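Quick notes on the structure that follows.
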Amino acid sequence: PTKLKDYVPISDMVNVPLHTAVNRFHKQPPPTWVMYRCLLEHQKQSKQWLGDDSVDTTAARNIIQEFLKEQQATLTDEELDSLVSAGMAQIVPVNAIFGGIIGNEIIKIISGKGEPANNSLLFDGESCKAWTFLVKAKQ
């Protein structure tokens with residue numbers, strides 16, 4: 001099996017302040033990672049997932065904007081609108097794409113051929129763009 005270098009478990013990843021989750025290619029954290037963290041923060045504070053019918057969108061926006069301010073991160077108004085309205089929506093073709101990607105990564109790990117995605121694989125369903133991003137605090 002291939003040994004992953006610089007592996008950071010998800011329990012540590014979500015504790016990395018957003019403004020420090022950067023690398024040489026991203027001077028700011030990727031918007032997809034910021035949205036994911038906002039989604040988790042909203043659920044943590046409100047005990048509801050975005051996209052539920054009973055979610056108060058104004059309160060959700062306030063929770064997210066306060067979290068972004070605290071984390072020194074930003075989302076555009078369009079990204080925030082998309083997050084609050086779509087929330088936890090699942091789109092079957094996206095699930096199928098991720099199933100294929102995960103299967104490929106498992107084969108890489110088992111066979112030792114190629115370097116598997118490490119730490120996080122971000123997928124933006126709107127742009128159909130996927131990339132890996134090592135989430136750890138900058139040193």
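Ordered as shown in the structure tokens, chains take letters A, B, and onward, while each chain numbers its residues from 1 and ligands are numbered from 1 in the order shown.
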Item checked: Gly114 of chain A environment, 10 Å, only C-alpha atoms, sequence neighbours closer than 5 positions dropped, as a VMD selection string -> chain A and resid 2 105 107 to 109
Notebook entry, point to check: Can you list, as an MDAnalysis selection string, every protein, DNA or RNA residue that comes within 7 Å of Ser120 of chain A when you count only C-alpha atoms, leaving out same-chain residues fewer than 6 positions away?
Noted result: chainID A and resid 132:134
Per residue of segment 74-102 of chain A within 12 Å of segment 40-48 of chain A, which atom pair is closest and at what distance in Å (one decimal), using only C-alpha atoms, listed by chain and increasing number, as a Markdown table?
| residue | atom | partner | partner_atom | distance |
| --- | --- | --- | --- | --- |
| A:Leu83 | CA | A:His42 | CA | 10.9 |
| A:Val84 | CA | A:His42 | CA | 9.9 |
| A:Gly87 | CA | A:His42 | CA | 10.2 |
| A:Met88 | CA | A:Gln48 | CA | 10.5 |
What would the file look like if the residues just selected were written as a PDB file, in the first residue's frame with N, CA, C and O atoms?
ATOM      1  N   LEU A  83     -25.291  28.544  -1.299  1.00  0.00           N
ATOM      2  CA  LEU A  83     -25.147  27.690  -0.126  1.00  0.00           C
ATOM      3  C   LEU A  83     -26.430  27.645   0.691  1.00  0.00           C
ATOM      4  O   LEU A  83     -26.899  26.569   1.067  1.00  0.00           O
ATOM      5  N   VAL A  84     -27.007  28.794   0.957  1.00  0.00           N
ATOM      6  CA  VAL A  84     -28.216  28.847   1.793  1.00  0.00           C
ATOM      7  C   VAL A  84     -29.399  28.190   1.090  1.00  0.00           C
ATOM      8  O   VAL A  84     -30.188  27.483   1.709  1.00  0.00           O
ATOM      9  N   GLY A  87     -27.971  24.130   0.122  1.00  0.00           N
ATOM     10  CA  GLY A  87     -27.635  23.415   1.348  1.00  0.00           C
ATOM     11  C   GLY A  87     -27.137  22.009   1.133  1.00  0.00           C
ATOM     12  O   GLY A  87     -26.094  21.777   0.559  1.00  0.00           O
ATOM     13  N   MET A  88     -27.927  21.045   1.565  1.00  0.00           N
ATOM     14  CA  MET A  88     -27.531  19.640   1.524  1.00  0.00           C
ATOM     15  C   MET A  88     -28.120  18.901   0.328  1.00  0.00           C
ATOM     16  O   MET A  88     -28.236  17.689   0.345  1.00  0.00           O
TER      17      MET A  88
END
Next item on the list: Choose the residue, out of A:Ala89, A:Gln28, A:Val94, A:Val34, that has the smallest atom-to-atom separation from Val14 of chain A; count only C-alpha atoms.
Entry: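 Smallest separation from Val14 of chain A among the options: A:Val34.
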Next item on the list: Name the residues of chain A that fall into strand (DSSP E or B) according to DSSP on the backbone, using the chain letters and numbers of this document, as an MDAnalysis selection string.
Entry: chainID A and resid 121:124 129:132
Using backbone DSSP assignments, extract all helix (DSSP H, G or I) residues from segment 31-119 of chain A; output them as an mmCIF file with N, CA, C and O atoms, in the first residue's frame.
data_model
loop_
_atom_site.group_PDB
_atom_site.id
_atom_site.type_symbol
_atom_site.label_atom_id
_atom_site.label_comp_id
_atom_site.auth_asym_id
_atom_site.auth_seq_id
_atom_site.Cartn_x
_atom_site.Cartn_y
_atom_site.Cartn_z
ATOM 1 N N PRO A 31 -13.233 28.300 -2.202
ATOM 2 C CA PRO A 31 -14.625 28.558 -1.812
ATOM 3 C C PRO A 31 -15.396 27.288 -1.437
ATOM 4 O O PRO A 31 -16.238 27.318 -0.542
ATOM 5 N N THR A 32 -15.103 26.173 -2.102
ATOM 6 C CA THR A 32 -15.800 24.921 -1.786
ATOM 7 C C THR A 32 -15.507 24.488 -0.358
ATOM 8 O O THR A 32 -16.401 24.018 0.351
ATOM 9 N N TRP A 33 -14.260 24.640 0.093
ATOM 10 C CA TRP A 33 -13.895 24.301 1.476
ATOM 11 C C TRP A 33 -14.562 25.273 2.458
ATOM 12 O O TRP A 33 -15.071 24.871 3.503
ATOM 13 N N VAL A 34 -14.597 26.546 2.101
ATOM 14 C CA VAL A 34 -15.241 27.549 2.963
ATOM 15 C C VAL A 34 -16.729 27.223 3.108
ATOM 16 O O VAL A 34 -17.281 27.248 4.212
ATOM 17 N N MET A 35 -17.386 26.868 1.990
ATOM 18 C CA MET A 35 -18.812 26.524 2.042
ATOM 19 C C MET A 35 -19.053 25.297 2.909
ATOM 20 O O MET A 35 -20.019 25.255 3.682
ATOM 21 N N TYR A 36 -18.189 24.303 2.779
ATOM 22 C CA TYR A 36 -18.327 23.094 3.593
ATOM 23 C C TYR A 36 -18.224 23.433 5.075
ATOM 24 O O TYR A 36 -19.030 22.978 5.883
ATOM 25 N N ARG A 37 -17.247 24.251 5.436
ATOM 26 C CA ARG A 37 -17.083 24.637 6.838
ATOM 27 C C ARG A 37 -18.279 25.454 7.325
ATOM 28 O O ARG A 37 -18.723 25.306 8.462
ATOM 29 N N CYS A 38 -18.829 26.312 6.467
ATOM 30 C CA CYS A 38 -20.024 27.088 6.819
ATOM 31 C C CYS A 38 -21.213 26.159 7.052
ATOM 32 O O CYS A 38 -21.997 26.360 7.990
ATOM 33 N N LEU A 39 -21.346 25.159 6.208
ATOM 34 C CA LEU A 39 -22.415 24.168 6.340
ATOM 35 C C LEU A 39 -22.318 23.467 7.694
ATOM 36 O O LEU A 39 -23.313 23.330 8.417
ATOM 37 N N LEU A 40 -21.103 23.046 8.060
ATOM 38 C CA LEU A 40 -20.900 22.383 9.358
ATOM 39 C C LEU A 40 -21.186 23.327 10.520
ATOM 40 O O LEU A 40 -21.787 22.922 11.522
ATOM 41 N N GLU A 41 -20.754 24.573 10.395
ATOM 42 C CA GLU A 41 -20.972 25.550 11.471
ATOM 43 C C GLU A 41 -22.458 25.832 11.659
ATOM 44 O O GLU A 41 -22.946 25.912 12.783
ATOM 45 N N HIS A 42 -23.183 25.973 10.544
ATOM 46 C CA HIS A 42 -24.627 26.207 10.651
ATOM 47 C C HIS A 42 -25.308 25.039 11.357
ATOM 48 O O HIS A 42 -26.137 25.234 12.242
ATOM 49 N N GLN A 43 -24.951 23.822 10.974
ATOM 50 C CA GLN A 43 -25.557 22.647 11.599
ATOM 51 C C GLN A 43 -25.210 22.587 13.087
ATOM 52 O O GLN A 43 -26.049 22.274 13.919
ATOM 53 N N LYS A 44 -23.981 22.911 13.411
ATOM 54 C CA LYS A 44 -23.528 22.887 14.815
ATOM 55 C C LYS A 44 -24.324 23.882 15.668
ATOM 56 O O LYS A 44 -24.755 23.557 16.765
ATOM 57 N N GLN A 45 -24.538 25.080 15.132
ATOM 58 C CA GLN A 45 -25.221 26.118 15.912
ATOM 59 C C GLN A 45 -26.736 25.967 15.920
ATOM 60 O O GLN A 45 -27.375 26.220 16.928
ATOM 61 N N SER A 46 -27.320 25.570 14.788
ATOM 62 C CA SER A 46 -28.783 25.544 14.695
ATOM 63 C C SER A 46 -29.386 24.155 14.865
ATOM 64 O O SER A 46 -30.594 24.022 15.010
ATOM 65 N N THR A 57 -33.824 31.182 6.596
ATOM 66 C CA THR A 57 -32.703 31.579 5.747
ATOM 67 C C THR A 57 -32.001 32.847 6.250
ATOM 68 O O THR A 57 -30.791 32.980 6.100
ATOM 69 N N THR A 58 -32.747 33.750 6.859
ATOM 70 C CA THR A 58 -32.127 34.964 7.397
ATOM 71 C C THR A 58 -31.209 34.613 8.557
ATOM 72 O O THR A 58 -30.075 35.101 8.634
ATOM 73 N N ALA A 59 -31.680 33.758 9.454
ATOM 74 C CA ALA A 59 -30.847 33.326 10.580
ATOM 75 C C ALA A 59 -29.633 32.541 10.074
ATOM 76 O O ALA A 59 -28.523 32.697 10.599
ATOM 77 N N ALA A 60 -29.839 31.727 9.044
ATOM 78 C CA ALA A 60 -28.736 30.951 8.472
ATOM 79 C C ALA A 60 -27.670 31.884 7.916
ATOM 80 O O ALA A 60 -26.472 31.683 8.149
ATOM 81 N N ARG A 61 -28.103 32.906 7.188
ATOM 82 C CA ARG A 61 -27.151 33.884 6.647
ATOM 83 C C ARG A 61 -26.367 34.562 7.765
ATOM 84 O O ARG A 61 -25.157 34.760 7.650
ATOM 85 N N ASN A 62 -27.060 34.921 8.841
ATOM 86 C CA ASN A 62 -26.389 35.589 9.967
ATOM 87 C C ASN A 62 -25.346 34.679 10.611
ATOM 88 O O ASN A 62 -24.245 35.123 10.928
ATOM 89 N N ILE A 63 -25.697 33.417 10.815
ATOM 90 C CA ILE A 63 -24.758 32.453 11.397
ATOM 91 C C ILE A 63 -23.524 32.332 10.505
ATOM 92 O O ILE A 63 -22.383 32.372 10.977
ATOM 93 N N ILE A 64 -23.756 32.191 9.217
ATOM 94 C CA ILE A 64 -22.652 32.004 8.274
ATOM 95 C C ILE A 64 -21.792 33.255 8.185
ATOM 96 O O ILE A 64 -20.554 33.174 8.215
ATOM 97 N N GLN A 65 -22.417 34.425 8.104
ATOM 98 C CA GLN A 65 -21.639 35.662 7.995
ATOM 99 C C GLN A 65 -20.805 35.903 9.252
ATOM 100 O O GLN A 65 -19.658 36.354 9.167
ATOM 101 N N GLU A 66 -21.357 35.603 10.422
ATOM 102 C CA GLU A 66 -20.593 35.752 11.666
ATOM 103 C C GLU A 66 -19.420 34.776 11.702
ATOM 104 O O GLU A 66 -18.308 35.124 12.101
ATOM 105 N N PHE A 67 -19.659 33.541 11.258
ATOM 106 C CA PHE A 67 -18.590 32.533 11.198
ATOM 107 C C PHE A 67 -17.481 32.986 10.245
ATOM 108 O O PHE A 67 -16.293 32.884 10.565
ATOM 109 N N LEU A 68 -17.858 33.502 9.075
ATOM 110 C CA LEU A 68 -16.867 33.972 8.109
ATOM 111 C C LEU A 68 -16.048 35.126 8.666
ATOM 112 O O LEU A 68 -14.829 35.188 8.476
ATOM 113 N N LYS A 69 -16.710 36.017 9.370
ATOM 114 C CA LYS A 69 -16.008 37.153 9.990
ATOM 115 C C LYS A 69 -15.002 36.643 11.019
ATOM 116 O O LYS A 69 -13.849 37.072 11.033
ATOM 117 N N GLU A 70 -15.452 35.721 11.860
ATOM 118 C CA GLU A 70 -14.592 35.135 12.891
ATOM 119 C C GLU A 70 -13.404 34.393 12.284
ATOM 120 O O GLU A 70 -12.292 34.439 12.797
ATOM 121 N N GLN A 71 -13.629 33.717 11.165
ATOM 122 C CA GLN A 71 -12.598 32.919 10.506
ATOM 123 C C GLN A 71 -11.754 33.726 9.511
ATOM 124 O O GLN A 71 -10.849 33.170 8.891
ATOM 125 N N ASP A 77 -21.588 37.079 -2.570
ATOM 126 C CA ASP A 77 -23.033 37.025 -2.329
ATOM 127 C C ASP A 77 -23.658 35.863 -3.087
ATOM 128 O O ASP A 77 -24.548 35.188 -2.582
ATOM 129 N N GLU A 78 -23.181 35.629 -4.315
ATOM 130 C CA GLU A 78 -23.700 34.528 -5.131
ATOM 131 C C GLU A 78 -23.405 33.171 -4.476
ATOM 132 O O GLU A 78 -24.270 32.293 -4.424
ATOM 133 N N GLU A 79 -22.185 32.999 -3.948
ATOM 134 C CA GLU A 79 -21.828 31.750 -3.271
ATOM 135 C C GLU A 79 -22.655 31.550 -2.008
ATOM 136 O O GLU A 79 -23.114 30.443 -1.728
ATOM 137 N N LEU A 80 -22.862 32.630 -1.266
ATOM 138 C CA LEU A 80 -23.668 32.550 -0.042
ATOM 139 C C LEU A 80 -25.113 32.207 -0.371
ATOM 140 O O LEU A 80 -25.714 31.346 0.284
ATOM 141 N N ASP A 81 -25.678 32.839 -1.401
ATOM 142 C CA ASP A 81 -27.050 32.531 -1.826
ATOM 143 C C ASP A 81 -27.171 31.057 -2.228
ATOM 144 O O ASP A 81 -28.123 30.374 -1.851
ATOM 145 N N SER A 82 -26.205 30.598 -2.990
ATOM 146 C CA SER A 82 -26.199 29.205 -3.445
ATOM 147 C C SER A 82 -26.140 28.247 -2.260
ATOM 148 O O SER A 82 -26.872 27.254 -2.210
ATOM 149 N N LEU A 83 -25.291 28.544 -1.299
ATOM 150 C CA LEU A 83 -25.147 27.690 -0.126
ATOM 151 C C LEU A 83 -26.430 27.645 0.691
ATOM 152 O O LEU A 83 -26.899 26.569 1.067
ATOM 153 N N VAL A 84 -27.007 28.794 0.957
ATOM 154 C CA VAL A 84 -28.216 28.847 1.793
ATOM 155 C C VAL A 84 -29.399 28.190 1.090
ATOM 156 O O VAL A 84 -30.188 27.483 1.709
ATOM 157 N N SER A 85 -29.519 28.374 -0.224
ATOM 158 C CA SER A 85 -30.670 27.805 -0.924
ATOM 159 C C SER A 85 -30.518 26.313 -1.208
ATOM 160 O O SER A 85 -31.457 25.550 -1.069
ATOM 161 N N ALA A 86 -29.333 25.883 -1.598
ATOM 162 C CA ALA A 86 -29.143 24.469 -1.960
ATOM 163 C C ALA A 86 -28.799 23.614 -0.748
ATOM 164 O O ALA A 86 -29.274 22.486 -0.633
ATOM 165 N N VAL A 92 -27.812 13.313 -8.134
ATOM 166 C CA VAL A 92 -27.389 11.945 -8.445
ATOM 167 C C VAL A 92 -26.151 11.882 -9.343
ATOM 168 O O VAL A 92 -25.230 11.122 -9.052
ATOM 169 N N PRO A 93 -26.056 12.651 -10.425
ATOM 170 C CA PRO A 93 -24.837 12.552 -11.241
ATOM 171 C C PRO A 93 -23.559 12.899 -10.452
ATOM 172 O O PRO A 93 -22.511 12.309 -10.682
ATOM 173 N N VAL A 94 -23.656 13.839 -9.528
ATOM 174 C CA VAL A 94 -22.484 14.191 -8.709
ATOM 175 C C VAL A 94 -22.101 13.013 -7.825
ATOM 176 O O VAL A 94 -20.917 12.691 -7.668
ATOM 177 N N ASN A 95 -23.092 12.347 -7.256
ATOM 178 C CA ASN A 95 -22.809 11.160 -6.438
ATOM 179 C C ASN A 95 -22.121 10.086 -7.279
ATOM 180 O O ASN A 95 -21.192 9.421 -6.814
ATOM 181 N N ALA A 96 -22.550 9.913 -8.521
ATOM 182 C CA ALA A 96 -21.942 8.922 -9.408
ATOM 183 C C ALA A 96 -20.498 9.298 -9.736
ATOM 184 O O ALA A 96 -19.613 8.436 -9.750
ATOM 185 N N ILE A 97 -20.254 10.581 -9.983
ATOM 186 C CA ILE A 97 -18.891 11.038 -10.260
ATOM 187 C C ILE A 97 -17.987 10.743 -9.069
ATOM 188 O O ILE A 97 -16.888 10.209 -9.212
ATOM 189 N N PHE A 98 -18.461 11.079 -7.875
ATOM 190 C CA PHE A 98 -17.647 10.836 -6.681
ATOM 191 C C PHE A 98 -17.426 9.349 -6.442
ATOM 192 O O PHE A 98 -16.357 8.938 -5.997
ATOM 193 N N GLY A 99 -18.411 8.520 -6.731
ATOM 194 C CA GLY A 99 -18.234 7.076 -6.604
ATOM 195 C C GLY A 99 -17.091 6.585 -7.477
ATOM 196 O O GLY A 99 -16.252 5.785 -7.049
ATOM 197 N N GLY A 100 -17.029 7.091 -8.711
ATOM 198 C CA GLY A 100 -15.946 6.725 -9.619
ATOM 199 C C GLY A 100 -14.596 7.226 -9.139
ATOM 200 O O GLY A 100 -13.592 6.510 -9.174
ATOM 201 N N ILE A 101 -14.555 8.460 -8.651
ATOM 202 C CA ILE A 101 -13.303 9.033 -8.149
ATOM 203 C C ILE A 101 -12.807 8.247 -6.936
ATOM 204 O O ILE A 101 -11.625 7.898 -6.842
ATOM 205 N N ILE A 102 -13.700 7.938 -6.018
ATOM 206 C CA ILE A 102 -13.311 7.207 -4.805
ATOM 207 C C ILE A 102 -12.819 5.806 -5.160
ATOM 208 O O ILE A 102 -11.821 5.337 -4.620
ATOM 209 N N GLY A 103 -13.511 5.140 -6.099
ATOM 210 C CA GLY A 103 -13.063 3.818 -6.540
ATOM 211 C C GLY A 103 -11.649 3.876 -7.104
ATOM 212 O O GLY A 103 -10.806 3.023 -6.809
ATOM 213 N N ASN A 104 -11.371 4.890 -7.900
ATOM 214 C CA ASN A 104 -10.044 5.074 -8.474
ATOM 215 C C ASN A 104 -8.994 5.302 -7.380
ATOM 216 O O ASN A 104 -7.891 4.749 -7.439
ATOM 217 N N GLU A 105 -9.326 6.089 -6.373
ATOM 218 C CA GLU A 105 -8.386 6.370 -5.284
ATOM 219 C C GLU A 105 -8.112 5.108 -4.464
ATOM 220 O O GLU A 105 -6.982 4.873 -4.043
ATOM 221 N N ILE A 106 -9.122 4.298 -4.246
ATOM 222 C CA ILE A 106 -8.934 3.037 -3.505
ATOM 223 C C ILE A 106 -7.992 2.115 -4.283
ATOM 224 O O ILE A 106 -7.095 1.497 -3.694
ATOM 225 N N ILE A 107 -8.180 2.046 -5.591
ATOM 226 C CA ILE A 107 -7.295 1.211 -6.425
ATOM 227 C C ILE A 107 -5.854 1.714 -6.320
ATOM 228 O O ILE A 107 -4.913 0.923 -6.209
ATOM 229 N N LYS A 108 -5.653 3.044 -6.334
ATOM 230 C CA LYS A 108 -4.307 3.601 -6.200
ATOM 231 C C LYS A 108 -3.671 3.193 -4.869
ATOM 232 O O LYS A 108 -2.495 2.829 -4.821
ATOM 233 N N ILE A 109 -4.442 3.250 -3.797
ATOM 234 C CA ILE A 109 -3.912 2.912 -2.473
ATOM 235 C C ILE A 109 -3.549 1.435 -2.402
ATOM 236 O O ILE A 109 -2.471 1.071 -1.946
ATOM 237 N N ILE A 110 -4.443 0.587 -2.860
ATOM 238 C CA ILE A 110 -4.207 -0.857 -2.782
ATOM 239 C C ILE A 110 -3.056 -1.286 -3.695
ATOM 240 O O ILE A 110 -2.191 -2.062 -3.297
ATOM 241 N N SER A 111 -3.029 -0.767 -4.919
ATOM 242 C CA SER A 111 -2.018 -1.208 -5.883
ATOM 243 C C SER A 111 -0.664 -0.536 -5.696
ATOM 244 O O SER A 111 0.345 -1.053 -6.136
#
Next item on the list: Find, counting only C-alpha atoms, the residue in A:Lys136, A:Asn119, A:Phe25, A:Glu126 that gets nearest to Ile91 of chain A.
Entry: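 Of A:Lys136, A:Asn119, A:Phe25, A:Glu126, the one nearest Ile91 of chain A, counting only C-alpha atoms, is A:Glu126.
Coordinates place atom CA of Tyr7 of chain A at a distance of 25.3 Å from atom CA of Gly125 of chain A.
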Margin query: I'd like the interatomic distance between atom CA of Leu122 of chain A and atom CA of Val55 of chain A, to a tenth of an Å.
Written below: 25.5 Å
